[in-house]
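Text of model-v8.cif, listed as mmCIF, C-alpha atoms (C1' of nucleotides):
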data_work
#
loop_
_atom_site.label_atom_id
_atom_site.label_comp_id
_atom_site.auth_asym_id
_atom_site.auth_seq_id
_atom_site.Cartn_x
_atom_site.Cartn_y
_atom_site.Cartn_z
CA MET A 1 -53.69 -37.43 7.69
CA ASN A 2 -53.86 -34.97 4.86
CA LYS A 3 -51.34 -32.25 4.13
CA CYS A 4 -53.77 -29.60 5.32
CA ASP A 5 -53.94 -31.34 8.72
CA LEU A 6 -50.25 -31.10 9.44
CA ARG A 7 -49.50 -27.94 11.39
CA ILE A 8 -46.21 -26.40 10.24
CA VAL A 9 -44.20 -23.58 11.79
CA TYR A 10 -41.67 -22.15 9.36
CA LEU A 11 -38.43 -20.50 10.42
CA GLY A 12 -36.33 -18.48 8.00
CA THR A 13 -35.09 -15.04 7.08
CA PRO A 14 -33.70 -14.22 3.63
CA GLU A 15 -34.99 -14.56 0.11
CA PHE A 16 -33.66 -18.10 -0.09
CA ALA A 17 -36.16 -19.08 2.59
CA VAL A 18 -39.09 -17.33 0.94
CA ALA A 19 -39.16 -19.68 -2.04
CA SER A 20 -39.82 -22.77 0.03
CA LEU A 21 -42.31 -20.99 2.23
CA ARG A 22 -44.18 -19.86 -0.84
CA ALA A 23 -44.15 -23.39 -2.23
CA LEU A 24 -45.69 -24.66 1.00
CA VAL A 25 -48.33 -21.96 1.17
CA GLU A 26 -49.28 -22.22 -2.49
CA GLY A 27 -49.13 -25.99 -2.32
CA GLY A 28 -51.90 -26.01 0.26
CA TYR A 29 -49.78 -27.01 3.23
CA ASN A 30 -50.90 -25.79 6.62
CA VAL A 31 -48.31 -23.23 7.64
CA VAL A 32 -49.64 -21.81 10.90
CA ALA A 33 -46.89 -19.35 11.78
CA VAL A 34 -43.57 -17.95 10.66
CA VAL A 35 -40.53 -17.16 12.78
CA THR A 36 -38.00 -14.68 11.44
CA MET A 37 -35.35 -12.17 12.46
CA PRO A 38 -36.43 -9.02 14.29
CA ASP A 39 -36.73 -5.89 12.14
CA LYS A 40 -33.45 -4.04 11.95
CA PRO A 41 -32.43 -0.58 10.86
CA ALA A 42 -30.55 -1.16 7.65
CA GLY A 43 -29.74 0.32 4.32
CA ARG A 44 -29.12 3.95 3.51
CA GLY A 45 -30.73 6.21 6.06
CA HIS A 46 -31.03 3.38 8.55
CA GLN A 47 -34.65 2.63 7.77
CA LEU A 48 -36.26 -0.22 9.66
CA GLN A 49 -36.23 -3.25 7.38
CA PHE A 50 -38.41 -6.34 7.43
CA SER A 51 -36.84 -9.64 6.51
CA ASP A 52 -37.84 -11.10 3.15
CA VAL A 53 -39.69 -13.87 4.92
CA LYS A 54 -41.62 -11.39 7.02
CA LYS A 55 -42.61 -9.38 3.96
CA TYR A 56 -43.99 -12.48 2.33
CA ALA A 57 -45.71 -13.68 5.50
CA LEU A 58 -47.49 -10.35 5.84
CA GLU A 59 -48.51 -10.54 2.20
CA VAL A 60 -50.28 -13.82 2.73
CA GLY A 61 -51.50 -13.00 6.21
CA LEU A 62 -49.47 -15.45 8.29
CA PRO A 63 -48.69 -14.73 11.94
CA VAL A 64 -45.08 -13.57 12.35
CA LEU A 65 -42.91 -14.17 15.41
CA GLN A 66 -39.71 -12.16 15.78
CA PRO A 67 -37.94 -13.10 18.98
CA GLU A 68 -34.78 -11.28 19.99
CA LYS A 69 -33.74 -14.37 21.90
CA LEU A 70 -34.88 -17.83 20.93
CA LYS A 71 -34.78 -18.96 24.53
CA ASP A 72 -37.05 -16.18 25.68
CA GLU A 73 -39.85 -17.53 27.86
CA ALA A 74 -42.60 -15.49 26.21
CA PHE A 75 -41.48 -16.57 22.77
CA ILE A 76 -41.37 -20.24 23.72
CA GLU A 77 -44.87 -19.97 25.13
CA GLU A 78 -46.15 -18.30 22.01
CA LEU A 79 -44.46 -20.86 19.81
CA ARG A 80 -46.07 -23.65 21.82
CA SER A 81 -49.46 -22.09 21.34
CA TYR A 82 -49.29 -22.81 17.64
CA LYS A 83 -49.17 -26.55 18.39
CA ALA A 84 -46.94 -27.35 15.44
CA ASP A 85 -46.62 -30.94 14.33
CA LEU A 86 -43.52 -30.08 12.35
CA GLN A 87 -41.06 -27.22 12.10
CA ILE A 88 -39.10 -26.36 8.99
CA VAL A 89 -36.04 -24.16 9.12
CA VAL A 90 -34.41 -22.65 6.05
CA ALA A 91 -31.55 -20.17 6.30
CA PHE A 92 -32.26 -19.05 9.85
CA ARG A 93 -29.87 -19.39 12.74
CA MET A 94 -28.86 -21.90 15.35
CA LEU A 95 -31.84 -23.09 17.33
CA PRO A 96 -31.83 -24.12 20.98
CA GLU A 97 -33.03 -27.65 21.62
CA ILE A 98 -36.12 -26.38 23.38
CA VAL A 99 -37.19 -24.99 20.04
CA TRP A 100 -36.21 -27.70 17.58
CA ALA A 101 -37.38 -30.53 19.81
CA MET A 102 -40.76 -28.97 20.44
CA PRO A 103 -42.91 -30.38 17.61
CA ARG A 104 -44.16 -33.95 17.75
CA LEU A 105 -42.45 -34.79 14.44
CA GLY A 106 -39.38 -32.71 15.06
CA THR A 107 -37.70 -30.04 12.95
CA PHE A 108 -35.98 -30.41 9.62
CA ASN A 109 -33.62 -28.07 7.84
CA LEU A 110 -32.97 -27.35 4.20
CA HIS A 111 -29.23 -26.87 3.71
CA ALA A 112 -27.75 -25.65 0.45
CA SER A 113 -25.01 -28.22 0.06
CA LEU A 114 -24.40 -31.91 -0.39
CA LEU A 115 -24.01 -32.69 3.27
CA PRO A 116 -21.76 -33.56 4.95
CA GLN A 117 -19.80 -31.12 2.78
CA TYR A 118 -20.03 -27.42 3.50
CA ARG A 119 -21.57 -27.34 6.90
CA GLY A 120 -21.99 -23.75 8.01
CA ALA A 121 -23.41 -20.41 7.03
CA ALA A 122 -22.15 -19.94 3.48
CA PRO A 123 -22.29 -23.31 1.70
CA ILE A 124 -23.07 -21.98 -1.76
CA ASN A 125 -20.24 -19.48 -1.77
CA TRP A 126 -17.66 -21.99 -0.62
CA ALA A 127 -18.64 -24.61 -3.17
CA VAL A 128 -18.13 -22.13 -6.00
CA MET A 129 -15.00 -20.60 -4.48
CA ASN A 130 -13.43 -24.04 -4.30
CA GLY A 131 -14.14 -24.57 -7.97
CA ASP A 132 -16.50 -27.49 -7.37
CA GLN A 133 -18.37 -28.70 -10.43
CA GLU A 134 -21.32 -29.85 -8.42
CA THR A 135 -23.25 -28.96 -5.31
CA GLY A 136 -26.80 -29.55 -4.16
CA ALA A 137 -29.29 -29.31 -1.36
CA THR A 138 -30.13 -31.57 1.55
CA THR A 139 -32.96 -31.89 4.02
CA PHE A 140 -32.09 -33.34 7.40
CA MET A 141 -33.48 -33.63 10.92
CA LEU A 142 -31.97 -31.21 13.42
CA LYS A 143 -29.83 -32.38 16.25
CA HIS A 144 -27.35 -30.79 18.60
CA GLU A 145 -24.26 -30.29 16.44
CA ILE A 146 -24.99 -27.89 13.65
CA ASP A 147 -25.71 -29.35 10.19
CA THR A 148 -24.95 -32.93 11.27
CA GLY A 149 -28.41 -34.49 11.57
CA ASN A 150 -29.65 -37.52 9.67
CA MET A 151 -30.41 -36.79 6.05
CA ILE A 152 -33.86 -37.21 4.55
CA LEU A 153 -33.55 -36.15 0.91
CA GLN A 154 -30.69 -34.86 -1.18
CA GLU A 155 -30.49 -33.56 -4.72
CA ARG A 156 -27.45 -32.68 -6.83
CA LEU A 157 -26.87 -29.65 -9.03
CA PRO A 158 -24.04 -29.06 -11.51
CA ILE A 159 -22.09 -25.81 -11.32
CA GLY A 160 -21.11 -24.24 -14.65
CA PRO A 161 -17.41 -23.44 -15.20
CA ASP A 162 -18.07 -19.69 -15.25
CA GLU A 163 -21.20 -19.64 -13.14
CA ASN A 164 -21.29 -17.27 -10.19
CA VAL A 165 -22.77 -17.81 -6.78
CA GLY A 166 -25.80 -15.67 -7.54
CA SER A 167 -26.87 -18.02 -10.27
CA VAL A 168 -26.18 -21.14 -8.23
CA HIS A 169 -28.07 -19.61 -5.32
CA ASP A 170 -31.12 -19.00 -7.48
CA ARG A 171 -31.08 -22.50 -8.91
CA LEU A 172 -30.60 -24.09 -5.50
CA MET A 173 -33.41 -21.97 -4.13
CA ALA A 174 -35.72 -23.32 -6.83
CA MET A 175 -34.52 -26.85 -6.22
CA GLY A 176 -35.01 -26.41 -2.48
CA THR A 177 -38.70 -25.77 -2.85
CA GLY A 178 -39.24 -29.23 -4.33
CA LEU A 179 -37.03 -30.81 -1.74
CA VAL A 180 -38.95 -29.20 1.11
CA THR A 181 -42.39 -30.14 -0.18
CA ARG A 182 -41.27 -33.68 -0.98
CA THR A 183 -39.79 -34.01 2.47
CA VAL A 184 -43.07 -32.91 4.01
CA ASP A 185 -44.98 -35.32 1.76
CA LEU A 186 -42.69 -38.11 2.87
CA ILE A 187 -43.22 -37.26 6.52
CA ILE A 188 -46.99 -37.25 6.07
CA ASP A 189 -46.84 -40.53 4.21
CA CYS A 190 -44.82 -42.18 6.97
CA GLU A 191 -47.17 -40.76 9.55
CA ASN A 192 -50.13 -42.33 7.77
CA LYS A 193 -48.36 -45.66 7.51
CA GLY A 194 -47.33 -45.41 11.13
CA ILE A 195 -43.65 -45.84 10.35
CA GLU A 196 -40.52 -43.91 11.18
CA ILE A 197 -39.25 -41.40 8.66
CA PRO A 198 -36.41 -43.07 6.76
CA THR A 199 -33.22 -41.09 7.31
CA THR A 200 -29.58 -41.66 6.56
CA PRO A 201 -26.74 -40.70 8.87
CA GLN A 202 -24.33 -38.34 7.18
CA PRO A 203 -21.41 -40.35 5.78
CA GLU A 204 -17.96 -40.03 7.28
CA ILE A 205 -15.74 -38.22 4.82
CA ALA A 206 -12.04 -37.73 5.22
CA GLU A 207 -11.79 -34.45 3.39
CA LEU A 208 -14.49 -32.34 4.97
CA ARG A 209 -14.71 -28.81 3.62
CA PRO A 210 -16.32 -26.27 5.96
CA ALA A 211 -18.43 -23.28 4.94
CA PRO A 212 -18.00 -20.61 7.60
CA LYS A 213 -19.62 -17.23 7.42
CA ILE A 214 -17.74 -14.88 5.12
CA PHE A 215 -16.60 -11.45 6.27
CA LYS A 216 -15.42 -8.51 4.23
CA GLU A 217 -11.78 -9.05 5.04
CA ASP A 218 -12.08 -12.57 3.64
CA CYS A 219 -13.14 -11.11 0.31
CA GLU A 220 -9.96 -9.28 -0.63
CA ILE A 221 -8.39 -10.67 -3.78
CA ARG A 222 -4.73 -11.53 -3.32
CA PHE A 223 -3.63 -11.60 -6.91
CA ASP A 224 -0.03 -12.29 -5.94
CA GLN A 225 -1.01 -15.36 -3.92
CA LYS A 226 -3.48 -17.04 -6.25
CA THR A 227 -3.33 -18.50 -9.71
CA ALA A 228 -5.55 -17.07 -12.40
CA THR A 229 -7.95 -19.98 -11.99
CA GLU A 230 -8.08 -19.50 -8.23
CA VAL A 231 -8.84 -15.83 -8.64
CA HIS A 232 -11.55 -16.69 -11.13
CA ASN A 233 -13.17 -19.13 -8.71
CA PHE A 234 -12.79 -16.73 -5.81
CA VAL A 235 -14.46 -13.90 -7.68
CA ARG A 236 -17.41 -15.90 -8.97
CA GLY A 237 -17.85 -17.57 -5.58
CA LEU A 238 -18.43 -14.13 -4.08
CA SER A 239 -20.38 -12.56 -6.93
CA PRO A 240 -22.66 -10.73 -6.72
CA TYR A 241 -22.71 -10.94 -2.91
CA PRO A 242 -20.77 -10.17 -0.83
CA ALA A 243 -18.40 -9.42 -3.74
CA ALA A 244 -14.65 -9.83 -3.97
CA TRP A 245 -12.67 -6.61 -3.77
CA ALA A 246 -9.16 -5.29 -4.26
CA ASN A 247 -7.10 -2.12 -4.32
CA LEU A 248 -5.99 -1.59 -7.89
CA THR A 249 -3.31 0.67 -9.27
CA ILE A 250 -4.11 1.37 -12.88
CA ASN A 251 -1.95 3.65 -14.99
CA GLY A 252 -0.45 5.01 -11.80
CA GLN A 253 -3.84 5.82 -10.32
CA LEU A 254 -4.93 4.04 -7.13
CA PHE A 255 -8.48 2.80 -6.81
CA GLU A 256 -9.38 1.48 -3.38
CA ASN A 257 -12.03 -1.05 -2.43
CA VAL A 258 -12.96 -1.89 -5.97
CA LYS A 259 -15.55 -4.64 -6.07
CA ILE A 260 -14.90 -7.16 -8.79
CA PHE A 261 -17.83 -9.19 -10.08
CA ALA A 262 -16.41 -11.11 -13.00
CA VAL A 263 -13.01 -11.99 -14.41
CA ALA A 264 -11.70 -14.30 -17.11
CA PRO A 265 -8.33 -16.04 -17.01
CA THR A 266 -6.19 -14.80 -19.87
CA ALA A 267 -2.68 -14.83 -21.27
CA ASN A 268 0.12 -14.13 -18.85
CA ASP A 269 1.12 -10.56 -18.31
CA GLN A 270 3.77 -9.18 -16.01
CA GLN A 271 2.24 -5.75 -15.53
CA PRO A 272 -1.28 -4.50 -15.04
CA SER A 273 -2.38 -3.49 -18.51
CA THR A 274 -5.21 -1.57 -20.07
CA LYS A 275 -4.37 -2.29 -23.68
CA ASN A 276 -6.62 -5.27 -24.29
CA GLY A 277 -9.00 -4.71 -21.43
CA LEU A 278 -8.11 -4.53 -17.78
CA ILE A 279 -5.47 -7.21 -17.19
CA ILE A 280 -4.17 -8.01 -13.71
CA PRO A 281 -1.27 -10.43 -13.27
CA CYS A 282 -1.66 -13.25 -10.75
CA ARG A 283 0.84 -15.54 -9.07
CA GLU A 284 0.40 -17.69 -12.15
CA GLY A 285 -1.19 -16.36 -15.30
CA ALA A 286 -3.36 -13.28 -15.35
CA VAL A 287 -7.01 -12.35 -15.34
CA ARG A 288 -8.96 -9.85 -17.35
CA ILE A 289 -11.46 -7.99 -15.20
CA LEU A 290 -14.85 -7.98 -16.88
CA GLU A 291 -17.13 -6.24 -14.42
CA LEU A 292 -16.35 -4.01 -11.47
CA GLN A 293 -17.60 -1.26 -9.18
CA VAL A 294 -15.68 1.64 -7.67
CA PRO A 295 -17.05 3.01 -4.36
CA GLY A 296 -19.74 5.60 -4.95
CA LYS A 297 -20.08 4.56 -8.59
CA LYS A 298 -22.33 2.18 -10.36
CA ARG A 299 -21.38 -1.30 -11.28
CA MET A 300 -20.01 -1.31 -14.82
CA ASP A 301 -18.14 -3.44 -17.29
CA ALA A 302 -14.40 -2.98 -17.63
CA LYS A 303 -14.73 -1.25 -20.96
CA ALA A 304 -16.87 1.52 -19.49
CA PHE A 305 -14.43 1.88 -16.64
CA LEU A 306 -11.50 2.25 -19.03
CA ASN A 307 -13.40 4.83 -21.07
CA GLY A 308 -13.57 7.05 -18.02
CA LEU A 309 -9.83 6.95 -17.24
CA HIS A 310 -7.95 10.12 -17.98
"C1'" C B 311 -32.46 12.63 11.96
"C1'" G B 312 -25.91 7.08 11.05
"C1'" C B 313 -21.33 8.70 7.56
"C1'" G B 314 -20.11 9.85 2.56
"C1'" G B 315 -19.98 10.15 -3.07
"C1'" A B 316 -22.57 11.46 -7.61
"C1'" G B 317 -26.29 13.31 -11.53
"C1'" U B 318 -22.91 16.91 -18.45
"C1'" A B 319 -24.28 12.89 -25.87
"C1'" G B 320 -26.42 5.73 -25.92
"C1'" A B 321 -22.08 4.30 -21.97
"C1'" G B 322 -17.92 5.90 -18.81
"C1'" C B 323 -15.78 10.56 -17.57
"C1'" A B 324 -13.35 15.87 -18.17
"C1'" G B 325 -14.44 21.02 -17.96
"C1'" U B 326 -15.63 26.48 -17.64
"C1'" G B 327 -19.46 32.88 -14.55
"C1'" G B 328 -19.92 34.33 -21.41
"C1'" U B 329 -24.92 28.14 -24.11
"C1'" A B 330 -19.49 22.50 -23.62
"C1'" G B 331 -15.15 18.50 -24.60
"C1'" C B 332 -12.46 13.32 -24.19
"C1'" U B 333 -12.66 7.92 -24.70
"C1'" C B 334 -15.96 4.23 -26.29
"C1'" G B 335 -20.36 3.04 -28.84
"C1'" U B 336 -23.72 4.23 -33.13
"C1'" C B 337 -24.24 5.51 -38.54
"C1'" A B 338 -21.62 6.17 -43.52
"C1'" G B 339 -17.12 5.07 -46.23
"C1'" G B 340 -12.04 2.94 -46.54
"C1'" C B 341 -8.44 -0.87 -45.09
"C1'" U B 342 -8.48 -6.02 -44.15
"C1'" C B 343 -8.45 -10.26 -40.10
"C1'" A B 344 -4.62 -6.63 -35.85
"C1'" U B 345 -9.13 -11.98 -31.59
"C1'" A B 346 -12.17 -5.08 -27.17
"C1'" A B 347 -7.67 -3.72 -34.78
"C1'" C B 348 -6.68 0.77 -37.88
"C1'" C B 349 -7.92 5.36 -41.03
"C1'" U B 350 -11.67 9.23 -42.70
"C1'" G B 351 -16.27 11.58 -41.97
"C1'" A B 352 -21.21 12.26 -39.59
"C1'" A B 353 -25.24 12.22 -36.31
"C1'" G B 354 -26.29 12.82 -31.21
"C1'" G B 355 -26.62 17.35 -25.08
"C1'" U B 356 -32.79 22.99 -23.10
"C1'" C B 357 -24.98 20.11 -18.63
"C1'" G B 358 -31.37 15.94 -13.00
"C1'" G B 359 -35.73 19.52 -11.48
"C1'" U B 360 -37.04 24.19 -9.35
"C1'" G B 361 -36.36 29.08 -7.13
"C1'" G B 362 -32.46 32.91 -6.19
"C1'" U B 363 -27.70 36.02 -6.94
"C1'" U B 364 -25.88 38.15 -11.77
"C1'" C B 365 -25.74 42.01 -17.66
"C1'" G B 366 -25.37 36.73 -18.25
"C1'" A B 367 -25.58 30.17 -14.63
"C1'" U B 368 -24.03 24.00 -16.83
"C1'" C B 369 -20.67 26.38 -13.18
"C1'" C B 370 -22.27 30.28 -7.08
"C1'" C B 371 -26.51 29.75 -3.13
"C1'" G B 372 -31.45 27.41 -1.26
"C1'" C B 373 -35.04 23.52 -1.78
"C1'" C B 374 -36.69 18.93 -4.32
"C1'" C B 375 -36.03 14.26 -7.12
"C1'" U B 376 -32.93 10.13 -8.47
"C1'" C B 377 -28.61 6.87 -8.21
"C1'" C B 378 -24.42 4.76 -5.55
"C1'" G B 379 -20.45 3.43 -1.59
"C1'" C B 380 -19.74 2.60 3.77
"C1'" A B 381 -22.03 1.07 8.03
"C1'" A B 382 -25.75 -2.44 9.98
#
Structure re-expressed in structure tokens:
Amino acid sequence: MNKCDLRIVYLGTPEFAVASLRALVEGGYNVVAVVTMPDKPAGRGHQLQFSDVKKYALEVGLPVLQPEKLKDEAFIEELRSYKADLQIVVAFRMLPEIVWAMPRLGTFNLHASLLPQYRGAAPINWAVMNGDQETGATTFMLKHEIDTGNMILQERLPIGPDENVGSVHDRLMAMGTGLVTRTVDLIIDCENKGIEIPTTPQPEIAELRPAPKIFKEDCEIRFDQKTATEVHNFVRGLSPYPAAWANLTINGQLFENVKIFAVAPTANDQQPSTKNGLIIPCREGAVRILELQVPGKKRMDAKAFLNGLH
RNA sequence: CGCGGAGUAGAGCAGUGGUAGCUCGUCAGGCUCAUAACCUGAAGGUCGGUGGUUCGAUCCCGCCCUCCGCAA
């Protein structure tokens, strides 16, 4: 079997999933259809928005399936009609067994963490928020419990001490493309040799850190409850999306819902200060805010913000 | 027709029915390490676009363009 003989159905939604899809398409793999989220009204003015994966699929002329419900009879029938040998899911949603068990060779997932760590929806954010110095990406075969299947390939990636999640996301996305294509190559190779795909059960680890979906209320910075280092990690783990925020009182003026994109730990300070930049005291130490955004305003560095105070 | 904010000097913001200021930056000079330092001086704006009201509009009214927050 050649890579152009293997029929692949690809499931994914955001930008992170586009990279691997593109790698497959441009690498000459036989992607026969794409499954993605239904179009939704979004953005200012509630315009109908296509998912990033759908935009790309349309660009290259791939069939797009957008089921409201993954168990829907019509959708299952349509999916079957593509006669996939393999399904690949990247940043999609939970799949019912009837979907992931459908292809002859099964379904594998690209997950943006070193499994078994950071199972869940926001693995990249949590790794940075926890101050980890390393993360990675893993491909694994789907099974019932989410993000627990046997691992196929895994690759590690260092996290810089001041790096934010946006940067880690982009680097993991690039790394993921290689992981996905190599996983497919491996599967084809095993198929040709008539052997099982070698997989490894996820190791048992005592200290398992989860990576649940992050909501806005989880993003408020509690300066009084965190050390300067913790605030720093929290901010970069949420920057640029979904962004940490806080209500700040500066020179007696209250600013609500201020998004904070970058801070640097700095010398201790008891009071919020604007003398040497925008300094906010923490439970231990203090941070200097480097980049922020007030509602209705543009994102700006702290210096610009201070220039506008009056 | 989802709700809302905003377009004034390179940046961030004030302001007024009689053609505009602040902080920062820039440039020139001084001081000399204050780790986003200090002093002096200068340059730099058809106040988003377009109609209207007015003796006169950056400011009031209509339309257009652009940017942003919320919500999804």
Using only C-alpha atoms (C1' of nucleotides), which residues of chain A come within 12 Å of chain B, and what is the closest atom pair for each, with the distance in Å to one decimal? Give it as a Markdown table, sorted by chain and residue number.
| residue | atom | partner | partner_atom | distance |
| --- | --- | --- | --- | --- |
| A:Asp39 | CA | B:A382 | C1' | 11.7 |
| A:Lys40 | CA | B:A382 | C1' | 8.1 |
| A:Pro41 | CA | B:A382 | C1' | 7.0 |
| A:Ala42 | CA | B:A382 | C1' | 5.5 |
| A:Gly43 | CA | B:A382 | C1' | 7.5 |
| A:Arg44 | CA | B:G312 | C1' | 8.8 |
| A:Gly45 | CA | B:G312 | C1' | 7.0 |
| A:His46 | CA | B:G312 | C1' | 6.8 |
| A:Gln47 | CA | B:G312 | C1' | 10.3 |
| A:Leu48 | CA | B:A382 | C1' | 10.7 |
| A:Gln49 | CA | B:A382 | C1' | 10.8 |
| A:Lys216 | CA | B:C380 | C1' | 11.9 |
| A:Glu256 | CA | B:G379 | C1' | 11.4 |
| A:Asn257 | CA | B:G379 | C1' | 9.6 |
| A:Val258 | CA | B:G379 | C1' | 10.2 |
| A:Lys259 | CA | B:G379 | C1' | 10.5 |
| A:Thr274 | CA | B:A346 | C1' | 10.5 |
| A:Lys275 | CA | B:A346 | C1' | 9.0 |
| A:Asn276 | CA | B:A346 | C1' | 6.3 |
| A:Gly277 | CA | B:A346 | C1' | 6.6 |
| A:Leu278 | CA | B:A346 | C1' | 10.2 |
| A:Arg288 | CA | B:A346 | C1' | 11.4 |
| A:Leu290 | CA | B:A346 | C1' | 11.0 |
| A:Gln293 | CA | B:G379 | C1' | 9.4 |
| A:Val294 | CA | B:G379 | C1' | 7.9 |
| A:Pro295 | CA | B:G379 | C1' | 4.4 |
| A:Gly296 | CA | B:G379 | C1' | 4.1 |
| A:Lys297 | CA | B:C378 | C1' | 5.3 |
| A:Lys298 | CA | B:C378 | C1' | 5.8 |
| A:Arg299 | CA | B:C378 | C1' | 8.9 |
| A:Met300 | CA | B:G322 | C1' | 8.5 |
| A:Asp301 | CA | B:G322 | C1' | 9.5 |
| A:Ala302 | CA | B:G322 | C1' | 9.6 |
| A:Lys303 | CA | B:A346 | C1' | 7.7 |
| A:Ala304 | CA | B:G322 | C1' | 4.6 |
| A:Phe305 | CA | B:G322 | C1' | 5.7 |
| A:Leu306 | CA | B:G322 | C1' | 7.4 |
| A:Asn307 | CA | B:U333 | C1' | 4.8 |
| A:Gly308 | CA | B:C323 | C1' | 4.2 |
| A:Leu309 | CA | B:C323 | C1' | 7.0 |
| A:His310 | CA | B:C323 | C1' | 7.9 |
Residues near range 363-370 of chain B, cut-off 8 Å, all atoms listed in the file, skip fewer than 4 positions along chain, as a PyMOL selection string: chain B and resi 318+326-328+357
Tell me, as a ChimeraX atom specification, which residues lie within 12 Å of Met94 in chain A, counting all atoms listed in the file; anything in the same chain fewer than 6 positions away does not count. /A:11-12,69-71,100,109,120-121,142-147
Export of prior selection with C-alpha atoms as a PDB file, keeping the file's coordinate frame:
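Output contents, as saved in part_26.pdb:
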ATOM      1  CA  LEU A  11     -38.430 -20.500  10.420  1.00  0.00           C
ATOM      2  CA  GLY A  12     -36.330 -18.480   8.000  1.00  0.00           C
ATOM      3  CA  LYS A  69     -33.740 -14.370  21.900  1.00  0.00           C
ATOM      4  CA  LEU A  70     -34.880 -17.830  20.930  1.00  0.00           C
ATOM      5  CA  LYS A  71     -34.780 -18.960  24.530  1.00  0.00           C
ATOM      6  CA  TRP A 100     -36.210 -27.700  17.580  1.00  0.00           C
ATOM      7  CA  ASN A 109     -33.620 -28.070   7.840  1.00  0.00           C
ATOM      8  CA  GLY A 120     -21.990 -23.750   8.010  1.00  0.00           C
ATOM      9  CA  ALA A 121     -23.410 -20.410   7.030  1.00  0.00           C
ATOM     10  CA  LEU A 142     -31.970 -31.210  13.420  1.00  0.00           C
ATOM     11  CA  LYS A 143     -29.830 -32.380  16.250  1.00  0.00           C
ATOM     12  CA  HIS A 144     -27.350 -30.790  18.600  1.00  0.00           C
ATOM     13  CA  GLU A 145     -24.260 -30.290  16.440  1.00  0.00           C
ATOM     14  CA  ILE A 146     -24.990 -27.890  13.650  1.00  0.00           C
ATOM     15  CA  ASP A 147     -25.710 -29.350  10.190  1.00  0.00           C
TER      16      ASP A 147
END
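Among the candidate residues B:G340, B:G372, B:G358, B:G335, the one lying nearest to G317 in chain B is B:G358, with distances computed using all atoms listed in the file.
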Evaluate the PyMOL selection byres ((chain A and resi 1) around 7) here and jot the selected residues down as number ranges by chain. A: 2-3, 5, 188, 192
Shell around Pro161 in chain A at 9 Å using only C-alpha atoms (C1' of nucleotides), local window under 3 positions removed, as a PDB file with C-alpha atoms, in the coordinates of the input:
ATOM      1  CA  GLY A 131     -14.140 -24.570  -7.970  1.00  0.00           C
ATOM      2  CA  ASP A 132     -16.500 -27.490  -7.370  1.00  0.00           C
ATOM      3  CA  GLN A 133     -18.370 -28.700 -10.430  1.00  0.00           C
ATOM      4  CA  ASN A 164     -21.290 -17.270 -10.190  1.00  0.00           C
ATOM      5  CA  ASN A 233     -13.170 -19.130  -8.710  1.00  0.00           C
TER       6      ASN A 233
END
Can you spell out as a ChimeraX atom specification the set of residues that the PyMOL selection byres ((chain A and resi 280) around 10) selects in the structure I just provided? /A:223-224,228,248-250,263,265-266,268-274,277-279,281-282,285-289
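Using the PyMOL selection byres ((chain A and resi 236-241) around 9) on this structure selects A:Ile124, A:Asn125, A:Trp126, A:Ala127, A:Val128, A:Met129, A:Asn130, A:Gly131, A:Asp162, A:Glu163, A:Asn164, A:Val165, A:Gly166, A:Cys219, A:Val231, A:His232, A:Asn233, A:Phe234, A:Val235, A:Pro242, A:Ala243, A:Ala244, A:Ile260, A:Phe261, A:Ala262, A:Val263.
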